[in-house]
Structure formats: structure tokens, C-alpha cells
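Written out below as C-alpha cells is the structure these notes cover.
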Amino acid sequence: MSSRYHETLTAENCAFLLIDHQTGTMLGVQDIRLDQFRSNVLALAKTAKVHDVPVVLTASHATGPNGPLMPELLTMFPDSPVVYRPGPINAFDDPAFVQAVEQTGRKKLVMAGVTTDVCLYFPVISALARNYDVWAVYDASGCWDAMSELTSCMRMTQAGAIVCNWAVVTAMLQSDWRRPSAAGTMDVFANHLPFYGMLANNLARARD
């Protein structure tokens with residue numbers, strides 16, 4: 001097994017690539033409830049914000065039916081590069097996107113996209129071919145049906161990506177509740193993983 005599977009994400013070694021979270025394409029996501037999907041995307045994005053991790057946003061054919069990027073992402077990352085691809089379906093086929101990724105200086109990429117079987121899978125494979133370590137976040141991505149989502153995750157795993165949910169990324173970047181980012185991480189969990197927020201509330205009451 002490659003040693004990269006034994007390594008962990010840190011705020012210093014990774015970048016987040018959020019691909020085609022567009023208000024038109026997202027309407028086609030059927031493997032998860034749309035409100036839960038949106039919540040997962042925002043949880044992943046907030047995790048990057050809490051840890052000040054570099055973020056690259058990209059959209060495909062944003063003036064067409066795919067629609068604009070989620071406005072929350074643009075508001076959250078006003079200083080991050082946004083690559084509007086005029087034609088390439090695979091984000092890594094766009095030189096501006098490749099340049100933006102390279103400029104992060106990071107070799108571990110946390111990636112999510114819509115749809116999982118195309119907009120995430122294609123750039124995951126391209127990133128792996130460029131010797132990046134890839135963490136593909138399946139629940140901040142989405143597909144037309146559950147089988148397409150499952151088989152896409154299987155293909156990415158077979159290719160060498162690490163497939164996980166947003167909570168794994170959030171917990172790994174936090175790593176220790178004694179770190180200064182704990183309050184921000186707890187806020188992410190409380191707002192996007194409600195049961196955990198309730199547990200934290202119970203703990204706080206028990207200490208009072």
C-alpha cells in the first residue's frame with residue numbers, strides 16, 4: 001500500500017478544489033436530499049475557512065443551464081481564484097485551473113464536485129496522474145442516482161484516491177480539540193451535523 005494512505009491532512013499540506021457547485025447542475029442531484037447536499041458543501045467550505053486552507057473554485061459554462069456558482073461560496077472566499085471554464089468538462093483540461101491549483105503549492109487536494117461521475121471523477125483522475133494525493137469528498141458531491149454515485153466512488157478508489165465524507169476532513173484538520181481552531185470546528189459540526197451540536201450542548205450543561 002502507498003505510504004500516502006498513512007498520511008493525514010493538515011492546514012499546511014492541502015488545498016480544497018470545489019468544482020461546479022452550480023445552482024443549475026445541483027438540481028440534478030438525486031442520490032441525497034438537496035438540502036442535505038447543500039449543507040454538506042457548506043460544511044466542507046467552512047472547514048477550509050476555519051483552517052485558512054487555500055481554495056480554488058471553478059464553474060463550467062456558468063452562463064448556460066449549469067448556472068452560477070453557489071453564492072455562499074463566492075461570499076465565503078472573496079479572495080480565492082475562481083476559474084470560469086468556457087468549454088472544458090474536465091477542470092484539469094483548463095490551463096487557468098491547472099495554474100490556480102499549482103499556485104497553491106499543495107500536493108494534497110481535497111476535491112468535491114457536481115456531478116460525481118463526471119465533474120469530480122474526471123479531475124480526480126487527472127490530479128492523480130499529476131502525482132497529487134487526492135481526497136474525494138463524496139457527500140459534498142452528488143449524482144443523478146445512488147448507483148452512479150457508488151460506482152463513481154469505487155472507480156476513484158480503484159484509481160488511488162481516498163474517498164471520504166466531509167466530517168472526516170473536518171476532524172482530521174482539527175486533529176486535537178486543544179487547538180485554537182476548535183471553536184470554529186465545533187460551529188461547523190453544530191450547524192451541519194446537528195446531533196453533534198446536541199452532544200456538545202449536553203456536555204456544556206453537564207459542566208455547568
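A note on labels: chains of the C-alpha cells are A, B, ... as shown, every chain counts residues from 1, and ligands are counted from 1 in their shown order.
Counting only C-alpha atoms, region 59-71 of chain A has the following residues at most 10 Å away, ignoring those fewer than 4 positions along the same chain: Leu18, Ile19, Asp20, His21, Gln22, Thr23, Gly24, Thr25, Met26, Leu27, Arg38, Val41, Leu42, Thr75, Met76, Val82, Val83, Tyr84, Arg85, Pro86, Gly87, Pro88, Ile89, Asn90, Ala91, Gly113, Val114 and Cys119 of chain A.
Residues in contact with Leu34 (chain A) at 12 Å, where only C-alpha atoms are counted and same-chain residues fewer than 2 positions away are skipped, are listed as Thr23, Thr25, Met26, Leu27, Gly28, Val29, Gln30, Asp31, Ile32, Gln36, Phe37, Arg38, Ser39, Asn40, Val41, Asp139, Ala140, Ser141, Gly142, Cys143 and Trp144 of chain A.
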Selected residues, N, CA, C and O atoms, written as a compact mmCIF listing (two decimals), in the first residue's frame, please.
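Final file, again.txt:
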# COMPACT_ATOMS: atom_id res chain seq x y z
N THR A 23 -25.82 26.31 -9.39
CA THR A 23 -27.21 26.23 -8.97
C THR A 23 -28.12 25.54 -10.00
O THR A 23 -29.25 25.17 -9.66
N THR A 25 -26.83 22.78 -12.17
CA THR A 25 -26.41 21.39 -12.12
C THR A 25 -26.82 20.71 -10.82
O THR A 25 -27.19 19.53 -10.81
N MET A 26 -26.77 21.44 -9.72
CA MET A 26 -27.10 20.85 -8.43
C MET A 26 -28.54 20.36 -8.35
O MET A 26 -28.86 19.47 -7.57
N LEU A 27 -29.40 20.92 -9.18
CA LEU A 27 -30.80 20.47 -9.18
C LEU A 27 -30.94 19.03 -9.65
O LEU A 27 -31.94 18.37 -9.36
N GLY A 28 -29.92 18.53 -10.37
CA GLY A 28 -29.98 17.16 -10.85
C GLY A 28 -29.51 16.13 -9.84
O GLY A 28 -29.60 14.92 -10.10
N VAL A 29 -28.99 16.56 -8.71
CA VAL A 29 -28.51 15.62 -7.71
C VAL A 29 -29.70 14.91 -7.07
O VAL A 29 -30.59 15.54 -6.51
N GLN A 30 -29.69 13.57 -7.17
CA GLN A 30 -30.82 12.77 -6.69
C GLN A 30 -30.42 11.70 -5.68
O GLN A 30 -31.29 11.04 -5.10
N ASP A 31 -29.12 11.51 -5.45
CA ASP A 31 -28.70 10.45 -4.53
C ASP A 31 -28.76 10.90 -3.07
O ASP A 31 -28.57 10.09 -2.16
N ILE A 32 -29.02 12.17 -2.84
CA ILE A 32 -29.09 12.73 -1.50
C ILE A 32 -30.08 13.89 -1.56
O ILE A 32 -30.24 14.52 -2.61
N GLN A 36 -29.72 18.56 2.30
CA GLN A 36 -28.59 17.93 2.97
C GLN A 36 -27.31 18.10 2.15
O GLN A 36 -26.23 18.34 2.70
N PHE A 37 -27.45 17.96 0.85
CA PHE A 37 -26.30 18.14 -0.04
C PHE A 37 -25.73 19.55 0.10
O PHE A 37 -24.52 19.74 0.27
N ARG A 38 -26.59 20.54 0.04
CA ARG A 38 -26.14 21.93 0.19
C ARG A 38 -25.45 22.13 1.54
O ARG A 38 -24.40 22.78 1.62
N SER A 39 -26.01 21.55 2.58
CA SER A 39 -25.40 21.66 3.91
C SER A 39 -24.01 21.04 3.93
O SER A 39 -23.07 21.60 4.53
N ASN A 40 -23.84 19.90 3.27
CA ASN A 40 -22.54 19.23 3.24
C ASN A 40 -21.49 20.08 2.51
O ASN A 40 -20.34 20.15 2.93
N VAL A 41 -21.90 20.68 1.40
CA VAL A 41 -20.98 21.54 0.64
C VAL A 41 -20.52 22.71 1.50
O VAL A 41 -19.33 23.04 1.57
N ASP A 139 -19.86 13.17 -0.16
CA ASP A 139 -21.14 13.73 0.26
C ASP A 139 -21.21 15.25 0.05
O ASP A 139 -22.26 15.85 0.28
N ALA A 140 -20.12 15.87 -0.40
CA ALA A 140 -20.17 17.25 -0.88
C ALA A 140 -20.14 17.26 -2.40
O ALA A 140 -19.90 18.29 -3.03
N SER A 141 -20.34 16.09 -2.98
CA SER A 141 -20.53 15.89 -4.41
C SER A 141 -21.90 15.26 -4.57
O SER A 141 -22.60 15.00 -3.60
N GLY A 142 -22.31 14.98 -5.78
CA GLY A 142 -23.63 14.38 -5.95
C GLY A 142 -23.84 13.88 -7.36
O GLY A 142 -23.15 14.31 -8.29
N CYS A 143 -24.81 12.97 -7.50
CA CYS A 143 -25.03 12.34 -8.80
C CYS A 143 -26.52 12.17 -9.07
O CYS A 143 -27.37 12.48 -8.24
N TRP A 144 -26.81 11.64 -10.26
CA TRP A 144 -28.20 11.51 -10.69
C TRP A 144 -28.94 10.41 -9.92
O TRP A 144 -30.15 10.47 -9.77
Enumerate, as a short mmCIF file (atom, residue, chain, number, x, y, z; two decimals) with C-alpha atoms, in the first residue's frame, the complete set of residues in region 76-183 of chain A that a backbone-based DSSP assignment places in helix (DSSP H, G or I).
data_model
loop_
_atom_site.label_atom_id
_atom_site.label_comp_id
_atom_site.auth_asym_id
_atom_site.auth_seq_id
_atom_site.Cartn_x
_atom_site.Cartn_y
_atom_site.Cartn_z
CA MET A 76 -17.06 32.93 1.74
CA ALA A 91 -11.38 21.13 -14.95
CA PHE A 92 -7.78 19.95 -15.40
CA ASP A 93 -8.14 20.49 -19.15
CA PRO A 95 -4.88 25.81 -18.19
CA ALA A 96 -6.18 28.54 -15.87
CA PHE A 97 -7.46 25.94 -13.42
CA VAL A 98 -4.21 23.97 -13.55
CA GLN A 99 -2.28 27.16 -12.87
CA ALA A 100 -4.52 28.08 -9.93
CA VAL A 101 -4.01 24.63 -8.40
CA GLU A 102 -0.25 24.77 -8.89
CA GLN A 103 -0.08 28.21 -7.29
CA THR A 104 -1.47 26.81 -4.04
CA THR A 116 -19.57 12.92 -9.01
CA ASP A 117 -19.35 10.72 -12.10
CA VAL A 118 -18.08 13.49 -14.39
CA CYS A 119 -17.15 16.82 -12.79
CA LEU A 120 -15.43 15.14 -9.83
CA TYR A 121 -14.24 11.87 -11.36
CA PHE A 122 -12.51 13.37 -14.40
CA PRO A 123 -10.35 15.89 -12.47
CA VAL A 124 -9.64 13.35 -9.71
CA ILE A 125 -8.13 11.03 -12.30
CA SER A 126 -6.19 13.90 -13.85
CA ALA A 127 -4.86 15.02 -10.47
CA LEU A 128 -3.72 11.51 -9.63
CA ALA A 129 -1.93 11.32 -12.98
CA TYR A 138 -18.43 12.09 -1.86
CA ASP A 139 -21.14 13.73 0.26
CA ALA A 140 -20.17 17.25 -0.88
CA ALA A 146 -27.31 6.27 -5.90
CA MET A 147 -25.80 3.62 -8.19
CA SER A 148 -23.95 6.24 -10.24
CA GLU A 149 -22.60 7.78 -7.03
CA LEU A 150 -21.50 4.40 -5.68
CA THR A 151 -19.77 3.24 -8.84
CA SER A 152 -18.04 6.61 -9.23
CA CYS A 153 -16.65 6.30 -5.70
CA MET A 154 -15.49 2.78 -6.49
CA ARG A 155 -13.68 3.93 -9.63
CA MET A 156 -11.95 6.75 -7.79
CA THR A 157 -10.84 4.36 -5.07
CA GLN A 158 -9.54 1.90 -7.64
CA ALA A 159 -7.57 4.72 -9.25
CA TRP A 166 -16.75 15.98 4.85
CA ALA A 167 -16.71 15.12 8.57
CA VAL A 168 -13.53 13.05 8.11
CA VAL A 169 -11.78 16.04 6.53
CA THR A 170 -13.03 18.37 9.26
CA ALA A 171 -11.96 16.08 12.09
CA MET A 172 -8.59 15.37 10.51
CA LEU A 173 -7.76 19.05 10.06
CA GLN A 174 -8.80 19.77 13.65
CA ALA A 182 -11.68 24.16 18.00
CA ALA A 183 -14.45 26.74 18.33
#
| task | Check the DSSP output for the backbone and give back, as a ChimeraX atom specification, the residues of region 19-177 of chain A in strand (DSSP E or B). | result | /A:19,22,55-60,69,82-85,108-114,133-137,142,162-164
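Nearest to Lys49 (chain A) of all the residues A:Pro78, A:Pro194, A:Gly105, A:Gly160 is A:Pro78, counting only C-alpha atoms.
Proximity of A:Ala136, A:Leu109, A:Leu193, A:Leu74 to Val53 (chain A), computed with only C-alpha atoms, is greatest for A:Leu109.
For the atom pair formed by CA of Leu73 (chain A) and CA of Tyr196 (chain A), the distance is 23.8 Å, given to one decimal.
The residue set within 10 Å of Phe16 (chain A), counting only C-alpha atoms and dropping same-chain residues fewer than 6 places from it, reads Leu44, Ala45, Thr47, Ala48, Val53, Pro54, Val55, Val56, Leu57, Val101, Thr104, Arg106, Lys108, Leu109, Val110, Met111, Ala112 and Trp135 of chain A.
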Please save all heavy atoms of the selected residues as a compact mmCIF listing (two decimals), in the first residue's frame.
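After the write, result-v1.txt holds the following:
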# COMPACT_ATOMS: atom_id res chain seq x y z
N LEU A 44 -18.05 21.62 4.24
CA LEU A 44 -16.69 21.44 3.72
C LEU A 44 -16.02 22.79 3.47
O LEU A 44 -14.86 23.00 3.82
CB LEU A 44 -16.75 20.62 2.42
CG LEU A 44 -15.39 20.24 1.83
CD1 LEU A 44 -14.64 19.27 2.74
CD2 LEU A 44 -15.58 19.61 0.44
N ALA A 45 -16.77 23.71 2.88
CA ALA A 45 -16.22 25.03 2.60
C ALA A 45 -15.85 25.76 3.90
O ALA A 45 -14.79 26.38 4.00
CB ALA A 45 -17.23 25.85 1.80
N THR A 47 -15.00 24.43 6.64
CA THR A 47 -13.81 23.79 7.19
C THR A 47 -12.55 24.41 6.61
O THR A 47 -11.58 24.70 7.33
CB THR A 47 -13.83 22.28 6.90
OG1 THR A 47 -14.94 21.69 7.60
CG2 THR A 47 -12.55 21.60 7.33
N ALA A 48 -12.55 24.64 5.31
CA ALA A 48 -11.40 25.31 4.68
C ALA A 48 -11.22 26.71 5.26
O ALA A 48 -10.08 27.14 5.51
CB ALA A 48 -11.61 25.38 3.17
N VAL A 53 -7.24 27.29 4.69
CA VAL A 53 -6.66 26.43 3.66
C VAL A 53 -6.92 27.07 2.28
O VAL A 53 -8.01 27.60 2.05
CB VAL A 53 -7.28 25.02 3.73
CG1 VAL A 53 -6.84 24.17 2.55
CG2 VAL A 53 -6.91 24.35 5.04
N PRO A 54 -5.98 27.03 1.36
CA PRO A 54 -6.22 27.57 0.02
C PRO A 54 -7.40 26.87 -0.67
O PRO A 54 -7.55 25.65 -0.56
CB PRO A 54 -4.92 27.28 -0.73
CG PRO A 54 -3.89 27.10 0.34
CD PRO A 54 -4.60 26.52 1.51
N VAL A 55 -8.20 27.66 -1.36
CA VAL A 55 -9.39 27.15 -2.05
C VAL A 55 -9.36 27.63 -3.49
O VAL A 55 -9.05 28.80 -3.76
CB VAL A 55 -10.68 27.63 -1.36
CG1 VAL A 55 -11.91 27.24 -2.18
CG2 VAL A 55 -10.79 27.07 0.05
N VAL A 56 -9.69 26.73 -4.40
CA VAL A 56 -9.88 27.09 -5.81
C VAL A 56 -11.31 26.73 -6.18
O VAL A 56 -11.75 25.60 -5.95
CB VAL A 56 -8.89 26.36 -6.74
CG1 VAL A 56 -9.18 26.72 -8.20
CG2 VAL A 56 -7.45 26.70 -6.38
N LEU A 57 -12.04 27.68 -6.73
CA LEU A 57 -13.40 27.47 -7.19
C LEU A 57 -13.41 27.44 -8.72
O LEU A 57 -12.62 28.14 -9.36
CB LEU A 57 -14.33 28.59 -6.72
CG LEU A 57 -14.39 28.87 -5.22
CD1 LEU A 57 -15.21 30.13 -4.96
CD2 LEU A 57 -14.99 27.70 -4.47
N VAL A 101 -4.33 25.74 -9.30
CA VAL A 101 -4.01 24.63 -8.40
C VAL A 101 -2.51 24.63 -8.09
O VAL A 101 -2.11 24.49 -6.92
CB VAL A 101 -4.44 23.28 -9.00
CG1 VAL A 101 -3.99 22.12 -8.11
CG2 VAL A 101 -5.96 23.25 -9.19
N THR A 104 -1.24 27.07 -5.46
CA THR A 104 -1.47 26.81 -4.04
C THR A 104 -0.22 26.23 -3.39
O THR A 104 -0.04 26.32 -2.17
CB THR A 104 -2.64 25.83 -3.81
OG1 THR A 104 -2.28 24.52 -4.28
CG2 THR A 104 -3.91 26.31 -4.51
N ARG A 106 0.36 23.16 -2.92
CA ARG A 106 0.00 21.99 -2.12
C ARG A 106 -0.09 20.74 -3.01
O ARG A 106 -0.51 20.81 -4.16
CB ARG A 106 -1.36 22.21 -1.42
CG ARG A 106 -1.41 23.52 -0.61
CD ARG A 106 -0.43 23.54 0.52
NE ARG A 106 -0.34 24.79 1.24
CZ ARG A 106 -1.14 25.16 2.24
NH1 ARG A 106 -2.12 24.37 2.62
NH2 ARG A 106 -0.96 26.31 2.84
N LYS A 108 -1.59 17.80 -1.69
CA LYS A 108 -2.76 17.03 -1.27
C LYS A 108 -4.00 17.87 -1.58
O LYS A 108 -4.12 19.01 -1.12
CB LYS A 108 -2.70 16.69 0.23
CG LYS A 108 -1.55 15.76 0.58
CD LYS A 108 -1.59 15.36 2.05
CE LYS A 108 -0.38 14.51 2.42
NZ LYS A 108 -0.31 13.27 1.65
N LEU A 109 -4.88 17.29 -2.37
CA LEU A 109 -6.05 18.02 -2.84
C LEU A 109 -7.32 17.40 -2.28
O LEU A 109 -7.58 16.21 -2.47
CB LEU A 109 -6.09 18.00 -4.37
CG LEU A 109 -4.85 18.54 -5.09
CD1 LEU A 109 -5.04 18.43 -6.60
CD2 LEU A 109 -4.56 19.98 -4.68
N VAL A 110 -8.11 18.22 -1.60
CA VAL A 110 -9.44 17.82 -1.15
C VAL A 110 -10.41 18.30 -2.21
O VAL A 110 -10.54 19.51 -2.45
CB VAL A 110 -9.77 18.44 0.22
CG1 VAL A 110 -11.19 18.09 0.64
CG2 VAL A 110 -8.75 17.98 1.27
N MET A 111 -11.09 17.36 -2.86
CA MET A 111 -11.89 17.70 -4.03
C MET A 111 -13.34 17.27 -3.87
O MET A 111 -13.62 16.19 -3.34
CB MET A 111 -11.28 17.04 -5.28
CG MET A 111 -9.86 17.48 -5.56
SD MET A 111 -9.04 16.54 -6.88
CE MET A 111 -10.08 16.95 -8.28
N ALA A 112 -14.24 18.12 -4.34
CA ALA A 112 -15.66 17.78 -4.39
C ALA A 112 -16.23 18.44 -5.64
O ALA A 112 -15.73 19.49 -6.07
CB ALA A 112 -16.40 18.27 -3.14
N TRP A 135 -8.13 13.50 -1.99
CA TRP A 135 -9.20 13.13 -1.07
C TRP A 135 -10.51 13.56 -1.73
O TRP A 135 -10.78 14.77 -1.84
CB TRP A 135 -9.02 13.82 0.28
CG TRP A 135 -7.77 13.39 1.00
CD1 TRP A 135 -6.48 13.66 0.66
CD2 TRP A 135 -7.70 12.59 2.18
NE1 TRP A 135 -5.61 13.09 1.55
CE2 TRP A 135 -6.33 12.43 2.50
CE3 TRP A 135 -8.66 12.01 3.02
CZ2 TRP A 135 -5.91 11.70 3.59
CZ3 TRP A 135 -8.24 11.29 4.11
CH2 TRP A 135 -6.88 11.14 4.40
